[in-house]
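Enquirer: Contents are TSV, C-alpha atoms; file name my_file06.tsv:
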```
chain	number	residue	atom	x	y	z
A	582	MET	CA	33.10	-33.09	41.25
A	583	ASN	CA	31.62	-36.58	40.94
A	584	VAL	CA	29.01	-35.32	38.47
A	585	LEU	CA	27.76	-36.43	35.06
A	586	GLY	CA	27.09	-33.52	32.72
A	587	LEU	CA	24.25	-33.76	30.19
A	588	ILE	CA	23.86	-31.05	27.54
A	589	LEU	CA	20.55	-30.87	25.67
A	590	ALA	CA	21.61	-29.92	22.15
A	591	GLY	CA	18.96	-31.44	19.93
A	592	ALA	CA	16.76	-28.40	19.35
A	593	ARG	CA	16.45	-26.84	15.91
A	594	GLY	CA	15.45	-23.42	17.15
A	595	GLN	CA	12.65	-22.65	14.70
A	596	MET	CA	12.63	-19.00	15.71
A	597	LEU	CA	16.10	-18.61	14.17
A	598	GLY	CA	14.75	-19.09	10.65
A	599	PRO	CA	17.35	-19.75	7.94
A	600	LEU	CA	20.22	-19.85	10.46
A	601	THR	CA	19.14	-23.30	11.66
A	602	ILE	CA	18.05	-24.90	8.40
A	603	LYS	CA	21.28	-26.91	8.23
A	604	ARG	CA	22.44	-26.91	11.86
A	605	ALA	CA	21.17	-27.26	15.41
A	606	SER	CA	20.93	-24.08	17.49
A	607	ALA	CA	23.74	-25.34	19.75
A	608	ALA	CA	26.07	-25.32	16.72
A	609	LEU	CA	25.40	-21.68	15.81
A	610	PRO	CA	28.59	-19.62	15.38
A	611	ILE	CA	29.17	-17.00	18.08
A	612	CYS	CA	31.66	-14.14	18.47
A	613	GLY	CA	34.04	-14.78	15.60
A	614	LYS	CA	35.30	-18.32	16.19
A	615	TYR	CA	33.11	-20.03	18.79
A	616	ARG	CA	29.96	-22.14	18.71
A	617	ALA	CA	27.13	-21.70	21.19
A	618	ILE	CA	27.79	-25.04	22.86
A	619	ASP	CA	31.39	-24.01	23.67
A	620	PHE	CA	30.21	-21.90	26.61
A	621	THR	CA	28.22	-24.59	28.40
A	622	LEU	CA	30.81	-27.27	27.66
A	623	SER	CA	33.67	-25.06	28.86
A	624	ASN	CA	31.70	-24.21	32.04
A	625	MET	CA	31.48	-27.92	32.82
A	626	VAL	CA	35.15	-28.64	32.13
A	627	ASN	CA	36.31	-25.61	34.11
A	628	SER	CA	34.16	-26.78	37.04
A	629	GLY	CA	35.85	-30.19	37.13
A	630	ILE	CA	33.24	-32.26	35.28
A	631	SER	CA	35.12	-34.79	33.14
A	632	LYS	CA	32.25	-36.90	31.76
A	633	VAL	CA	29.78	-35.13	29.48
A	634	GLY	CA	26.98	-36.47	27.30
A	635	ILE	CA	25.68	-34.39	24.37
A	636	LEU	CA	22.05	-35.24	23.53
A	637	THR	CA	21.45	-34.21	19.94
A	638	GLN	CA	19.16	-35.17	17.08
A	639	TYR	CA	18.32	-32.32	14.68
A	640	ASN	CA	20.90	-31.88	11.88
A	641	PRO	CA	23.80	-33.03	14.08
A	642	ARG	CA	26.57	-33.10	11.44
A	643	SER	CA	27.85	-29.56	12.05
A	644	LEU	CA	27.77	-30.01	15.81
A	645	MET	CA	29.51	-33.39	15.72
A	646	ASP	CA	32.19	-32.09	13.36
A	647	HIS	CA	32.87	-29.24	15.78
A	648	LEU	CA	33.02	-31.43	18.89
A	649	GLY	CA	35.08	-34.25	17.37
A	650	SER	CA	36.63	-36.40	20.08
A	651	GLY	CA	36.46	-33.61	22.64
A	652	LYS	CA	40.20	-32.96	22.42
A	653	GLU	CA	39.93	-29.17	22.72
A	654	TRP	CA	38.04	-29.57	26.02
A	655	ASN	CA	40.41	-32.26	27.35
A	656	LEU	CA	37.61	-34.81	27.07
A	657	ASP	CA	39.42	-37.35	24.87
A	658	ARG	CA	40.22	-39.65	27.76
A	659	LYS	CA	39.91	-43.28	28.86
A	660	ASN	CA	37.89	-42.55	31.98
A	661	GLY	CA	34.94	-40.28	31.39
A	662	GLY	CA	35.20	-38.10	28.30
A	663	LEU	CA	32.73	-36.88	25.69
A	664	PHE	CA	29.73	-38.93	24.57
A	665	ILE	CA	27.49	-38.06	21.61
A	666	LEU	CA	24.01	-39.40	22.41
A	667	GLN	CA	21.74	-39.56	19.36
A	668	PRO	CA	18.39	-41.28	18.82
A	669	PHE	CA	18.68	-44.84	17.58
A	670	GLN	CA	16.41	-47.53	16.22
A	671	SER	CA	15.83	-50.55	18.42
A	672	THR	CA	13.41	-53.44	18.86
A	673	GLU	CA	11.13	-51.19	20.89
A	674	LYS	CA	8.46	-49.83	18.53
A	675	ASP	CA	8.32	-46.28	19.87
A	676	ARG	CA	12.05	-45.65	20.29
A	677	LEU	CA	13.59	-43.56	17.52
A	678	TRP	CA	13.12	-39.78	17.78
A	679	TYR	CA	13.41	-37.92	21.10
A	680	ARG	CA	9.92	-36.77	22.05
A	681	GLY	CA	11.02	-34.39	24.80
A	682	THR	CA	13.79	-33.64	27.25
A	683	ALA	CA	12.82	-36.41	29.69
A	684	ASP	CA	12.46	-38.94	26.88
A	685	ALA	CA	15.88	-37.96	25.50
A	686	ILE	CA	17.55	-38.78	28.83
A	687	PHE	CA	15.40	-41.89	29.32
A	688	GLN	CA	16.46	-43.31	25.96
A	689	ASN	CA	20.07	-42.95	27.10
A	690	MET	CA	19.55	-44.44	30.54
A	691	THR	CA	22.63	-46.63	30.02
A	692	ILE	CA	25.00	-43.72	30.59
A	693	LEU	CA	23.30	-43.15	33.95
A	694	ARG	CA	23.21	-46.78	35.03
A	695	ARG	CA	26.80	-47.60	34.15
A	696	GLY	CA	28.39	-44.43	35.45
A	697	ARG	CA	29.92	-44.03	38.90
A	698	GLU	CA	28.77	-40.43	39.28
A	699	ASN	CA	26.41	-39.65	42.15
A	700	HIS	CA	24.87	-36.49	40.69
A	701	VAL	CA	23.70	-35.22	37.30
A	702	LEU	CA	23.89	-31.71	35.89
A	703	ILE	CA	21.43	-31.06	33.04
A	704	THR	CA	21.91	-27.94	30.89
A	705	SER	CA	21.16	-26.57	27.41
A	706	GLY	CA	23.69	-26.14	24.63
A	707	ASP	CA	22.42	-22.86	23.19
A	708	HIS	CA	22.78	-20.56	26.23
A	709	ILE	CA	25.60	-18.02	26.51
A	710	TYR	CA	26.91	-17.50	30.04
A	711	LYS	CA	29.84	-18.18	32.39
A	712	ILE	CA	29.37	-19.93	35.73
A	713	ASP	CA	31.26	-22.03	38.26
A	714	PHE	CA	29.08	-25.12	38.60
A	715	SER	CA	30.98	-26.26	41.69
A	716	LYS	CA	29.32	-23.42	43.64
A	717	VAL	CA	25.89	-24.61	42.50
A	718	PHE	CA	26.79	-28.16	43.47
A	719	TYR	CA	27.91	-27.03	46.94
A	720	GLU	CA	24.62	-25.22	47.55
A	721	HIS	CA	22.67	-28.21	46.24
A	722	VAL	CA	24.31	-30.54	48.76
A	723	ARG	CA	24.23	-28.02	51.61
A	724	ASN	CA	20.49	-27.43	51.22
A	725	GLY	CA	19.68	-31.14	50.94
A	726	ALA	CA	17.69	-30.37	47.79
A	727	ASP	CA	16.13	-32.97	45.52
A	728	VAL	CA	16.55	-30.62	42.56
A	729	THR	CA	18.44	-27.34	42.39
A	730	ILE	CA	17.42	-25.01	39.58
A	731	VAL	CA	19.62	-22.09	38.54
A	732	VAL	CA	17.48	-18.93	38.22
A	733	LYS	CA	18.00	-15.31	37.29
A	734	ARG	CA	16.08	-12.08	37.79
A	735	LEU	CA	15.44	-10.85	34.26
A	736	ASP	CA	15.22	-7.20	33.27
A	737	GLU	CA	13.00	-5.53	30.68
A	738	SER	CA	15.23	-6.63	27.79
A	739	TYR	CA	13.80	-10.17	28.14
A	740	ASP	CA	10.32	-11.29	27.18
A	741	LEU	CA	9.27	-13.10	30.35
A	742	ARG	CA	6.54	-14.98	28.48
A	743	GLN	CA	9.23	-17.03	26.74
A	744	TYR	CA	10.75	-18.43	29.94
A	745	GLY	CA	9.85	-20.69	32.83
A	746	ILE	CA	8.93	-18.36	35.70
A	747	VAL	CA	9.36	-19.28	39.38
A	748	GLU	CA	8.51	-17.88	42.79
A	749	ILE	CA	10.86	-18.54	45.70
A	750	ASP	CA	10.50	-18.12	49.46
A	751	GLU	CA	12.99	-16.73	51.99
A	752	ASN	CA	14.81	-20.10	52.09
A	753	ASN	CA	15.24	-20.20	48.29
A	754	LYS	CA	12.66	-22.96	48.04
A	755	ILE	CA	10.67	-22.87	44.80
A	756	VAL	CA	6.98	-22.60	45.70
A	757	ARG	CA	5.57	-21.83	42.26
A	758	PHE	CA	6.73	-22.75	38.77
A	759	GLU	CA	5.02	-22.11	35.43
A	760	GLU	CA	6.40	-22.69	31.96
A	761	LYS	CA	6.05	-19.67	29.64
A	762	PRO	CA	3.02	-18.07	31.35
A	763	GLU	CA	1.01	-15.52	29.40
A	764	GLU	CA	0.93	-13.32	32.51
A	765	PRO	CA	4.25	-13.73	34.35
A	766	PHE	CA	3.87	-13.48	38.14
A	767	SER	CA	7.53	-12.59	38.80
A	768	ASN	CA	10.74	-11.74	36.93
A	769	ILE	CA	12.63	-14.76	38.27
A	770	ALA	CA	13.24	-17.20	35.43
A	771	SER	CA	14.57	-20.73	35.32
A	772	LEU	CA	17.75	-20.90	33.21
A	773	GLY	CA	17.23	-24.55	32.29
A	774	ILE	CA	20.10	-25.72	34.53
A	775	TYR	CA	19.25	-28.57	36.93
A	776	PHE	CA	21.35	-30.36	39.57
A	777	MET	CA	19.99	-33.58	41.08
A	778	ASN	CA	20.95	-36.95	42.51
A	779	LYS	CA	21.39	-39.54	39.78
A	780	GLU	CA	19.29	-42.24	41.44
A	781	PHE	CA	16.51	-39.73	42.08
A	782	LEU	CA	16.53	-38.70	38.40
A	783	MET	CA	16.36	-42.33	37.28
A	784	GLU	CA	13.36	-42.94	39.54
A	785	LEU	CA	11.56	-39.90	38.14
A	786	LEU	CA	12.16	-41.03	34.56
A	787	TYR	CA	11.10	-44.65	35.12
A	788	ALA	CA	7.95	-43.50	36.91
A	789	ASN	CA	6.85	-40.98	34.27
A	790	VAL	CA	8.26	-41.46	30.75
A	791	LYS	CA	6.56	-44.79	30.12
A	792	ASP	CA	3.24	-43.08	30.87
A	793	GLY	CA	3.80	-40.59	28.04
A	794	LYS	CA	5.28	-37.80	30.17
A	795	TYR	CA	8.13	-36.78	27.90
A	796	ASP	CA	9.01	-33.24	28.99
A	797	LEU	CA	11.15	-32.86	32.11
A	798	VAL	CA	9.71	-29.50	33.19
A	799	ARG	CA	6.08	-29.56	32.01
A	800	ASP	CA	5.32	-33.22	32.72
A	801	ILE	CA	7.52	-34.05	35.72
A	802	PHE	CA	8.83	-31.01	37.62
A	803	ILE	CA	5.76	-28.75	37.65
A	804	PRO	CA	3.13	-31.44	38.47
A	805	ASN	CA	5.31	-32.65	41.39
A	806	LEU	CA	6.24	-29.23	42.75
A	807	GLY	CA	4.67	-29.93	46.15
A	808	LYS	CA	6.26	-33.37	46.48
A	809	ILE	CA	9.85	-32.57	45.46
A	810	ASN	CA	12.22	-30.28	47.34
A	811	PHE	CA	13.10	-27.75	44.63
A	812	ARG	CA	15.69	-25.13	45.57
A	813	ALA	CA	16.81	-22.09	43.59
A	814	TYR	CA	20.38	-20.92	43.03
A	815	GLU	CA	20.35	-17.30	41.89
A	816	PHE	CA	22.77	-16.44	39.07
A	817	LYS	CA	23.61	-12.75	38.67
A	818	GLY	CA	25.90	-12.73	35.66
A	819	TYR	CA	25.37	-12.37	31.91
A	820	TRP	CA	23.00	-14.97	30.43
A	821	ARG	CA	21.17	-15.18	27.12
A	822	ASN	CA	19.30	-17.89	25.24
A	823	ILE	CA	20.06	-17.47	21.53
A	824	LYS	CA	17.30	-19.89	20.55
A	825	LYS	CA	14.52	-17.43	21.37
A	826	SER	CA	14.74	-15.35	18.18
A	827	ILE	CA	16.97	-14.00	15.43
A	828	ASN	CA	16.96	-10.68	17.28
A	829	GLU	CA	18.24	-12.42	20.41
A	830	TYR	CA	21.04	-14.08	18.44
A	831	TYR	CA	21.95	-10.73	16.88
A	832	LYS	CA	21.87	-8.99	20.28
A	833	VAL	CA	24.14	-11.61	21.90
A	834	ASN	CA	26.81	-11.15	19.26
A	835	MET	CA	26.59	-7.37	19.50
A	836	ASP	CA	26.98	-7.66	23.29
A	837	PHE	CA	30.45	-9.11	22.75
A	838	LEU	CA	31.54	-5.68	21.55
A	839	LYS	CA	31.09	-4.44	25.14
A	840	ARG	CA	34.24	-4.71	27.21
A	841	GLU	CA	32.43	-5.75	30.41
A	842	VAL	CA	30.68	-8.63	28.63
A	843	ARG	CA	33.92	-9.90	27.07
A	844	GLU	CA	35.73	-9.73	30.40
A	845	GLU	CA	33.03	-11.73	32.14
A	846	LEU	CA	32.61	-14.40	29.48
A	847	PHE	CA	36.25	-14.91	28.54
A	848	TYR	CA	38.23	-14.24	31.72
A	849	LYS	CA	35.95	-15.32	34.58
A	850	TYR	CA	35.94	-18.94	35.82
A	851	GLY	CA	38.43	-20.18	33.22
A	852	LYS	CA	38.73	-20.06	29.46
A	853	VAL	CA	36.19	-20.74	26.73
A	854	TYR	CA	37.52	-23.60	24.62
A	855	THR	CA	36.68	-24.23	20.98
A	856	LYS	CA	37.83	-26.16	17.92
A	857	LEU	CA	41.14	-24.74	16.72
A	858	LYS	CA	42.02	-23.93	13.12
A	859	ASP	CA	45.45	-23.11	11.69
A	860	LEU	CA	44.91	-19.68	10.16
A	861	PRO	CA	47.08	-16.57	9.95
A	862	SER	CA	46.36	-13.40	11.88
A	863	PRO	CA	43.91	-10.97	10.22
A	864	LYS	CA	45.39	-8.63	7.64
A	865	PHE	CA	44.46	-4.95	7.28
A	866	THR	CA	45.49	-3.06	4.15
A	867	THR	CA	46.24	0.67	3.95
A	868	THR	CA	42.62	1.43	2.95
A	869	ALA	CA	41.07	-0.42	5.92
A	870	LYS	CA	39.16	1.45	8.65
A	871	ILE	CA	38.23	-0.54	11.77
A	872	LYS	CA	36.19	0.71	14.73
A	873	ASN	CA	34.95	-1.25	17.77
A	874	SER	CA	34.86	-4.60	15.96
A	875	ILE	CA	36.01	-8.18	16.40
A	876	VAL	CA	38.04	-9.45	13.44
A	877	SER	CA	38.98	-13.13	13.46
A	878	ASP	CA	41.89	-15.14	12.07
A	879	GLY	CA	42.29	-15.36	8.32
A	880	CYS	CA	40.35	-12.16	7.54
A	881	ILE	CA	41.58	-9.64	4.99
A	882	VAL	CA	40.04	-6.17	5.36
A	883	SER	CA	40.46	-3.35	2.87
A	884	GLY	CA	37.14	-1.58	3.51
A	885	THR	CA	35.37	-0.04	6.51
A	886	VAL	CA	34.18	-2.17	9.45
A	887	GLU	CA	32.35	-0.57	12.38
A	888	ASP	CA	30.64	-2.17	15.39
A	889	SER	CA	30.66	-5.57	13.72
A	890	ILE	CA	31.95	-9.12	14.10
A	891	LEU	CA	33.87	-10.81	11.32
A	892	PHE	CA	34.31	-14.55	11.61
A	893	ARG	CA	37.25	-16.47	10.13
A	894	ASN	CA	38.37	-15.98	6.52
A	895	VAL	CA	36.10	-13.04	5.73
A	896	ARG	CA	37.09	-10.67	2.89
A	897	VAL	CA	35.98	-7.04	3.00
A	898	LYS	CA	37.26	-5.41	-0.16
A	899	ALA	CA	38.15	-1.76	-0.77
A	900	GLY	CA	35.20	0.64	-0.71
A	901	ALA	CA	32.93	-1.86	1.07
A	902	VAL	CA	31.24	-0.78	4.32
A	903	VAL	CA	30.14	-3.16	7.11
A	904	LYS	CA	28.28	-1.65	10.09
A	905	ASP	CA	26.47	-3.24	13.04
A	906	SER	CA	26.60	-6.64	11.36
A	907	ILE	CA	27.61	-10.27	11.88
A	908	ILE	CA	29.60	-11.71	8.98
A	909	MET	CA	30.20	-15.45	9.31
A	910	GLN	CA	33.08	-17.55	8.06
A	911	GLY	CA	34.15	-17.41	4.44
A	912	CYS	CA	31.97	-14.47	3.35
A	913	VAL	CA	33.16	-12.06	0.67
A	914	ILE	CA	32.01	-8.44	0.62
A	915	GLU	CA	32.99	-7.00	-2.75
A	916	GLU	CA	33.96	-3.45	-3.65
A	917	GLY	CA	31.40	-0.74	-2.91
A	918	ALA	CA	28.94	-3.05	-1.13
A	919	ARG	CA	27.17	-1.82	2.03
A	920	ILE	CA	26.11	-4.13	4.84
A	921	GLU	CA	24.25	-2.69	7.84
A	922	ASN	CA	22.28	-4.38	10.64
A	923	ALA	CA	22.62	-7.75	8.95
A	924	VAL	CA	23.55	-11.37	9.66
A	925	LEU	CA	25.34	-13.14	6.82
A	926	ASP	CA	25.65	-16.90	7.22
A	927	LYS	CA	28.74	-18.78	6.05
A	928	ASN	CA	30.17	-18.41	2.53
A	929	VAL	CA	27.87	-15.60	1.38
A	930	VAL	CA	29.11	-13.44	-1.50
A	931	VAL	CA	27.80	-9.86	-1.73
A	932	ARG	CA	28.42	-8.50	-5.23
A	933	LEU	CA	29.73	-5.11	-6.30
A	934	GLU	CA	27.89	-2.10	-4.85
A	935	ARG	CA	25.00	-4.13	-3.45
A	936	ASP	CA	23.20	-2.91	-0.29
A	937	ILE	CA	21.93	-5.21	2.47
A	938	VAL	CA	20.32	-3.12	5.19
A	939	GLY	CA	18.16	-4.20	8.13
A	940	THR	CA	17.34	-2.67	11.52
A	941	THR	CA	18.45	-3.47	15.06
A	942	GLN	CA	15.02	-5.01	15.76
A	943	TYR	CA	14.79	-6.83	12.43
A	944	PRO	CA	18.29	-7.53	11.11
A	945	ALA	CA	18.55	-8.65	7.49
A	946	ILE	CA	19.36	-12.38	7.23
A	947	ILE	CA	21.21	-13.94	4.29
A	948	GLU	CA	21.31	-17.74	4.30
A	949	LYS	CA	24.38	-19.90	3.94
A	950	GLY	CA	26.12	-19.95	0.55
A	951	ALA	CA	23.94	-17.26	-1.04
A	952	ILE	CA	25.22	-14.95	-3.78
A	953	VAL	CA	23.56	-11.57	-3.51
```
Would you put the structure from the file into structure tokens?
Expert:
Amino acid sequence: MNVLGLILAGARGQMLGPLTIKRASAALPICGKYRAIDFTLSNMVNSGISKVGILTQYNPRSLMDHLGSGKEWNLDRKNGGLFILQPFQSTEKDRLWYRGTADAIFQNMTILRRGRENHVLITSGDHIYKIDFSKVFYEHVRNGADVTIVVKRLDESYDLRQYGIVEIDENNKIVRFEEKPEEPFSNIASLGIYFMNKEFLMELLYANVKDGKYDLVRDIFIPNLGKINFRAYEFKGYWRNIKKSINEYYKVNMDFLKREVREELFYKYGKVYTKLKDLPSPKFTTTAKIKNSIVSDGCIVSGTVEDSILFRNVRVKAGAVVKDSIIMQGCVIEEGARIENAVLDKNVVVRLERDIVGTTQYPAIIEKGAIV
């Protein structure tokens, strides 16, 4: 596809509390060895998009370290490749920090002007899903749309008030669009994925951003709903936005313990690529008891692990119990400790016979590097 991919990855994700104090939400660890951005980036690469710009600003170090040159996604290349697009200081007085999604793209207009791509795909870096973007692109061209928005019918497990809600007619034309309405008028939500012609996008940005309209959806799409041909592409697979809350992040990781979710996300429409690390296979001693869990490379388990996810290099010592929990890289659970319904950030040490217990609705959160 002759398409430029743009991934919005600058959000902090305030609803994630201590998990995003030192990293952007797109850099959050997911399912043992991945980062959230791996799913969107892999979707693009698997769909034939070979030029991708990552728009980031909040605490980018962790994200940039993970992405590197883009080698793992085959984006370290002469033509196209991976571009990290951060705010920069210039002679223009008001140009430094991205003030919204439209402003973020506008400040990086050079990548649009100089590129040979005819279309632009705009997505978010903190959504977990698997999709073939070439099918969306085909429908976009076939319908002659100005903008194609990927939508999904959400069930009761989503809070519709946290999403952009749309209404579509029999021709999949979007006739109503409201951002996070207090009283949702349908269960069809925008997934924050937009296909459009590059020249059309540039015209929209030049016409609006300089007038203080910085948000792509609130300030540009919704006010021009009657003037622009918006079409919907309905997505029916698994999709979650981890930025919405700690509970949502916890739920997404727990969903990976379901076979049907793993099969969809890891085997459909190509692989999910991530930064590789040279670590040995996990080791289980004679006292270890493992049930329905994901245990990553470098782990050594001597205790009990049930319905949990252990990231790389985790140590669960003899007599320790981990249930319904997410244990990130480098954590140590000492003898006799009990962890249940909890999220432990990287390099946490839980001392002898300590208990950390939360609930499925309010999991206990331990911040990075803590000693409990």
Enquirer: Using only C-alpha atoms, pick whichever of A:Asp800, A:Asp713, A:Glu934, A:Glu887 has the shortest atom-to-atom distance to A:Ala899.
Expert: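 Ranked by minimum distance to A:Ala899, first place goes to A:Glu934.
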Enquirer: From the list A:Ile611, A:Leu933, A:Leu925, A:Leu648, which residue is nearest A:Ala945 when using all atoms listed in the file?
Expert: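 Nearest candidate to A:Ala945 out of A:Ile611, A:Leu933, A:Leu925, A:Leu648: A:Leu925.
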Enquirer: From the set A:Val701, A:Ala617, A:Ile602, A:Val756, which residue has the shortest atom-to-atom contact distance to A:His721, counting all atoms listed in the file?
Expert: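 Under the stated criterion, the closest residue is A:Val701.
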Enquirer: Please indicate the distance in Å from atom CA of A:Ser906 to atom CA of A:Gly879, rounded to one decimal place.
Expert: 18.2 Å
Enquirer: What lies within 10 Å of A:Tyr639 using all atoms listed in the file, ignoring chain neighbours under 6 positions off, as a list in words?
Expert: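 Result of the neighbour search: Ala590, Gly591, Ala592, Arg593, Gly594, Thr601, Ile602, Lys603, Arg604, Ala605, Ser606, Gln667, Pro668, Trp678 and Tyr679 of chain A.
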Enquirer: With distances taken over only C-alpha atoms, which residue among A:Tyr814, A:Ile618, A:Glu916, A:Lys791 lies nearest A:Val717?
Expert: A:Tyr814
Enquirer: With only C-alpha atoms as the atoms that count, which of A:Met645, A:Met835, A:Cys612, A:Leu806 lies nearest to A:Phe847?
Expert: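 The shortest atom-to-atom distance to A:Phe847 comes from A:Cys612.
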Enquirer: May I ask for the distance between atom CA of A:Arg812 and atom CA of A:Ile749, given in Å to one decimal place?
Expert: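 Between atom CA of A:Arg812 and atom CA of A:Ile749 the gap works out to 8.2 Å.
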Enquirer: Excluding A:Ala788 and any residue of its chain fewer than 3 positions from it, enumerate the residues within 12 Å of it, using all atoms listed in the file, and give them as an MDAnalysis selection string.
Expert: chainID A and resid 683:684 687 781:785 791:795 800:801
Enquirer: Near stretch 654-661 of chain A, counting all atoms listed in the file, which residues have an atom at most 6 Å away, once you skip same-chain residues fewer than 3 positions from it, shown as number ranges by chain?
Expert: A: 631-632, 650-651
Enquirer: Would you compute the distance between atom CA of A:Gly818 and atom CA of A:Lys849? Give it in Å to one decimal.
Expert: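 According to the coordinates, atom CA of A:Gly818 and atom CA of A:Lys849 are separated by 10.4 Å.
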Enquirer: Under the rule that all atoms listed in the file are counted, which of A:Arg799, A:Gly586, A:Ser874, A:Val886 is the nearest residue to A:Ala918?
Expert: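 Of the candidates, the smallest distance to A:Ala918 is held by A:Val886.
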Enquirer: Which residues are near stretch 735-743 of chain A? Cut-off 8 Å, all atoms listed in the file, ignore same chain within fewer than 4 positions. Put them as an mmCIF file with C-alpha atoms, in the coordinates of the input.
Expert:
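This is the output file out_25.cif:
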```cif
data_model
loop_
_atom_site.group_PDB
_atom_site.id
_atom_site.type_symbol
_atom_site.label_atom_id
_atom_site.label_comp_id
_atom_site.auth_asym_id
_atom_site.auth_seq_id
_atom_site.Cartn_x
_atom_site.Cartn_y
_atom_site.Cartn_z
ATOM 1 C CA LYS A 761 6.050 -19.670 29.640
ATOM 2 C CA PRO A 762 3.020 -18.070 31.350
ATOM 3 C CA GLU A 763 1.010 -15.520 29.400
ATOM 4 C CA GLU A 764 0.930 -13.320 32.510
ATOM 5 C CA PRO A 765 4.250 -13.730 34.350
ATOM 6 C CA ASN A 768 10.740 -11.740 36.930
ATOM 7 C CA ILE A 769 12.630 -14.760 38.270
ATOM 8 C CA ALA A 770 13.240 -17.200 35.430
ATOM 9 C CA LYS A 825 14.520 -17.430 21.370
#
```
Enquirer: Dump as number ranges by chain all residues having an atom at most 12 Å from (22.5, -37.2, 25.5), computed in the file's coordinates with only C-alpha atoms.
Expert: A: 585-591, 632-638, 663-669, 679, 681-693, 702-706
Enquirer: Set up a box along x, y and z of the file covering all listed atoms of stretch 612-621 of chain A, add 4 Å on every one of the six sides, and write the centre and edge lengths in Å to one decimal, as AutoDock Vina command-line options.
Expert:
```
--center_x 31.2 --center_y -19.6 --center_z 22.0 --size_x 16.2 --size_y 18.9 --size_z 20.8
```
Enquirer: Could you list, as a list of chain:residue names, every residue within 9 Å of A:Ser628, counting all atoms listed in the file and ignoring same-chain residues fewer than 3 positions away?
Expert: A:Met582, A:Ser623, A:Asn624, A:Met625, A:Ser631, A:Ile712, A:Asp713, A:Phe714, A:Ser715, A:Lys716, A:Tyr850, A:Gly851
Enquirer: Taking the structure I provided as the source, export stretch 916-927 of chain A with N, CA and C atoms, as a short mmCIF file (atom, residue, chain, number, x, y, z; two decimals), in the first residue's frame.
Expert:
```cif
data_model
loop_
_atom_site.label_atom_id
_atom_site.label_comp_id
_atom_site.auth_asym_id
_atom_site.auth_seq_id
_atom_site.Cartn_x
_atom_site.Cartn_y
_atom_site.Cartn_z
N GLU A 916 10.02 -15.81 49.59
CA GLU A 916 9.37 -16.97 50.20
C GLU A 916 8.16 -16.57 51.05
N GLY A 917 7.06 -17.30 50.86
CA GLY A 917 5.88 -17.11 51.69
C GLY A 917 5.02 -15.91 51.35
N ALA A 918 5.43 -15.10 50.38
CA ALA A 918 4.64 -13.92 50.00
C ALA A 918 3.39 -14.35 49.22
N ARG A 919 2.35 -13.53 49.29
CA ARG A 919 1.09 -13.82 48.57
C ARG A 919 0.68 -12.61 47.77
N ILE A 920 0.55 -12.80 46.46
CA ILE A 920 0.14 -11.73 45.56
C ILE A 920 -1.15 -12.16 44.89
N GLU A 921 -2.20 -11.34 44.99
CA GLU A 921 -3.48 -11.70 44.39
C GLU A 921 -4.18 -10.46 43.86
N ASN A 922 -4.67 -10.53 42.62
CA ASN A 922 -5.34 -9.39 41.97
C ASN A 922 -4.49 -8.13 42.09
N ALA A 923 -3.26 -8.22 41.58
CA ALA A 923 -2.32 -7.12 41.71
C ALA A 923 -1.56 -6.89 40.41
N VAL A 924 -1.04 -5.68 40.25
CA VAL A 924 -0.15 -5.33 39.15
C VAL A 924 1.13 -4.80 39.76
N LEU A 925 2.23 -5.52 39.57
CA LEU A 925 3.53 -5.10 40.07
C LEU A 925 4.35 -4.57 38.90
N ASP A 926 4.74 -3.32 38.97
CA ASP A 926 5.57 -2.74 37.92
C ASP A 926 6.99 -3.31 37.99
N LYS A 927 7.85 -2.90 37.10
CA LYS A 927 9.17 -3.51 36.96
C LYS A 927 10.02 -3.39 38.24
#
```
